[in-house]
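Participant: One structure, as structure tokens, below. Some questions next.
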Amino acid sequence: MKHKNCLEKLILKENSIWGDRSLAIEIVKLVNLRWLDISNQATLHVKNKTNKNKTDVRRLDKTDTNYFSDRLTFVFQLPHNLQYIDASYFGERNTRLNNINFTNAGKLDFLNLAGNKFKDCLGHFHGLSHLQTLDISDFNCSDLDLKMISFMPYLKTLISRRTHLNVGLQNDVNGDFLKQLFGLKQIDFSENEFVTFNKHMFVSQYRSLISLDLSKNKFSKFPIQISKFSTLKKLSLVQNRIVFLLKSDMNQLENYQRDKHINFELLLNDNSFVCNCDSIDFVKWLQETKVTLDNNRNYSCMYIDNSKKTTVYAYTHLDFIESKCLSKIWLIITIILVVVFLLLFTASSLVYKYRITVHFWYLHIRRKYRHYTALEGDSKEYKYNAFVAYCNEDEEWVCGSLVNYLEKTNGLALCLHDRDFAAGKLIMDNIIDAIFESKKVVLVISEEFLKSSWCEFELDMARMKMFQDNRDMLVVVLLNKLSPSQMPISLQRIWNKVTCLEFDEIICTNQNGNFEHLFWKRLYEAVVM
């Protein structure tokens with residue numbers, strides 16, 4: 001070419017120049033070149049002859065001042081006036097992304113590298129201080145250096161489709177990938193399989209971003225807090241997995257459009273919308289909102305009867321949906337009430353069946369909260385040798401013969417309710433304390449004893465204490481001729497585990513201190529064992 005300085009636009013797309021290093025040398029000579037299209041080069045190419053001339057495409061070692069990381073740095077010298085480069089699908093495949101330093105790129109504002117399937121994004125771009133548009137679609141950014149595009153302070157449009165950013169950005173908790181790009185106006189993150197965003201992702205773009213494309217991802221909820229933005233006019237959520245917008249999301253959109261005085265456009269087509277009880281507010285909002293929506297506000301949705309309908313159809317049949325939902329609500333309430341009733345009935349039955357056990361543990365726990373020390377068993381020192389449970393009708397014999405023999409003659413300590421219960425304390429608390437502080441419990445049973453509710457309570461509590469300590473501690477004294485079948489059911493169940501001393505008329509009438517009868521010896525042994 002005789003007049004290389006005259007050429008301003010060069011299109012070499014759809015050829016086979018991939019790998020021809022001499023191309024870079026020749027292009028530099030086109031000093032007034034403004035537009036370069038070398039896209040869609042065939043990946044199959046012939047080997048080029050070695051160029052012995054000096055080249056401006058060189059590999060730098062670690063001692064070079066242009067070395068920016070632990071990766072190799074390639075330097076590309078560009079024509080001084082070049083503004084536009086389309087190198088999409090140039091032929092780079094399955095190679096590492098090294099550091100690339102562009103020189104003479106002060107006027108370059110558009111760079112398209114889409115379709116060059118680098119196997120990682122661990123390199124940096126340098127020298128693009130005035131670049132405004134960058135397309136890195138189809139890069140594999142599963143491995144991502146968060147400072148990859150940080151040296152482009154005037155970048156306005158970032159296109160990054162199908163770049164696996166969902167993996168590469170999963171640890172970017174501070175939003176470092178976009179942190180220095182305060183002038184970004186358009187971002188295309190479509191087809192990246194995003195499920196959610198870190199809340200700091202777009203902090204640096206709150207005052208600059210105009211358009212955000214998040215289509216063809218996997219969002220099931222509204223992905224951004226739109227109230228943080230000041231200039232956002234368009235958001236695309238096409239082909240995601242949103243079933244409906246929450247009330248808070250709809251309010252946020254309404255407030256944003258009203259407060260920012262922005263005609264906001266929201267694209268929602270091809271989502272997995274439902275038109276049922278949960279989405280009634282959303283169906284209404286689609287038709288009544290002032291936010292600009294795509295597809296004439298009419299989207300496909302799964303209707304309440306599981307058929308395919310549209311949101312406009314659902315809106316015109318809201319009365320039907322609400323009536324179905326009302327009956328469903330009453331059905332749910334009925335089921336809940338039935339379940340609650342069954343649970344309460346079952347719980348009440350169990351409590352009634354085991355009411356004695358429940359009562360015992362209630363008093364036991366309450367006793368602990370009164371700072372009493374629990375008894376551990378026979379190894380523990382007891383305050384009394386025995387607690388004597390009896391009715392008032394048998395008081396004369398108990399306080400006479402029984403006390404004389406066990407206390408005065410043999411020096412044992414007995415607990416009697418008439419004498420030893422603490423004044424001012426509840427009777428049931430006194431009974432529990434007496435049982436816990438006594439090694440044995442002597443039940444003086446007569447016909448009158450079986451009629452007394454307090455005596456029955458004493459029997460039940462003593463039986464529970466026996467089960468708790470797993471030891472024989474009950475001594476039964478029968479003052480009347482009573483058969484086991486006449487005993488309370490609770491006593492019948494443990495009849496073979498108690499020491500029983502039967503009635504003897506001589507014993508009952510003995511008041512002269514003659515304790516030679518075998519009964520007294522057996523009673524003493526039963527108490528002290």
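Please note that chains go A, B, ... in the order of the structure tokens, that every chain numbers its residues from 1, and that ligands are numbered from 1 in the order shown.
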Quick one: residues within 12 Å of Asp319 in chain A, only C-alpha atoms counted, chain neighbours fewer than 5 positions away excluded, as a list in words?

Facilitator: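 Residues meeting the cut-off are Asn276, Cys277, Ile280, Lys284, Tyr313, Ala314, Lys324, Cys325 and Leu326 of chain A.
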
Participant: Keeping N, CA and C atoms for every residue in the selection just given, could you write it to a file as an mmCIF file, in the first residue's frame?

Facilitator:
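Result went into again_13.cif, see below:
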```cif
data_model
loop_
_atom_site.group_PDB
_atom_site.id
_atom_site.type_symbol
_atom_site.label_atom_id
_atom_site.label_comp_id
_atom_site.auth_asym_id
_atom_site.auth_seq_id
_atom_site.Cartn_x
_atom_site.Cartn_y
_atom_site.Cartn_z
ATOM 1 N N ASN A 276 -52.058 -17.787 41.455
ATOM 2 C CA ASN A 276 -52.791 -18.536 42.478
ATOM 3 C C ASN A 276 -52.975 -17.666 43.714
ATOM 4 N N CYS A 277 -53.267 -18.295 44.833
ATOM 5 C CA CYS A 277 -53.556 -17.552 46.060
ATOM 6 C C CYS A 277 -52.366 -16.713 46.519
ATOM 7 N N ILE A 280 -51.869 -13.183 44.158
ATOM 8 C CA ILE A 280 -52.980 -12.282 43.817
ATOM 9 C C ILE A 280 -52.516 -10.826 43.740
ATOM 10 N N LYS A 284 -52.477 -8.346 40.327
ATOM 11 C CA LYS A 284 -53.073 -7.002 40.309
ATOM 12 C C LYS A 284 -52.034 -5.951 39.941
ATOM 13 N N TYR A 313 -55.616 -12.961 31.851
ATOM 14 C CA TYR A 313 -56.766 -13.829 32.119
ATOM 15 C C TYR A 313 -56.997 -13.950 33.624
ATOM 16 N N ALA A 314 -55.935 -14.144 34.363
ATOM 17 C CA ALA A 314 -56.063 -14.264 35.817
ATOM 18 C C ALA A 314 -56.606 -12.971 36.427
ATOM 19 N N LYS A 324 -61.715 -19.285 45.527
ATOM 20 C CA LYS A 324 -60.998 -20.554 45.725
ATOM 21 C C LYS A 324 -60.030 -20.445 46.901
ATOM 22 N N CYS A 325 -59.375 -19.305 46.978
ATOM 23 C CA CYS A 325 -58.403 -19.112 48.054
ATOM 24 C C CYS A 325 -59.090 -19.039 49.405
ATOM 25 N N LEU A 326 -60.272 -18.403 49.438
ATOM 26 C CA LEU A 326 -61.002 -18.292 50.698
ATOM 27 C C LEU A 326 -61.402 -19.667 51.220
#
```

Participant: Skip range 13-15 of chain A itself and residues of its chain fewer than 5 positions away, then list as number ranges by chain all residues within 8 Å of it, counting only C-alpha atoms.

Facilitator: A: 37-42

Participant: Quick one: everything within 10 Å of Lys221 in chain A, counting only C-alpha atoms, minus sequence neighbours fewer than 4 positions away in the same chain. Send it as a list in words.

Facilitator: Val195, Thr196, Asn240, Arg241, Ile242, Val243, Phe244, Leu245, Leu246 and Asp249 of chain A

Participant: With only C-alpha atoms as the basis for distance, which of A:Ile210, A:Met250, A:Leu144, A:Met302 is at the shortest distance from Lys119 in chain A?

Facilitator: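 Under the stated criterion, the closest residue is A:Leu144.
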
Participant: From the list A:Ser490, A:Ser279, A:Thr289, A:Asn112, which residue is nearest Ile304 in chain A when using only C-alpha atoms?

Facilitator: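 Ranked by minimum distance to Ile304 in chain A, first place goes to A:Ser279.
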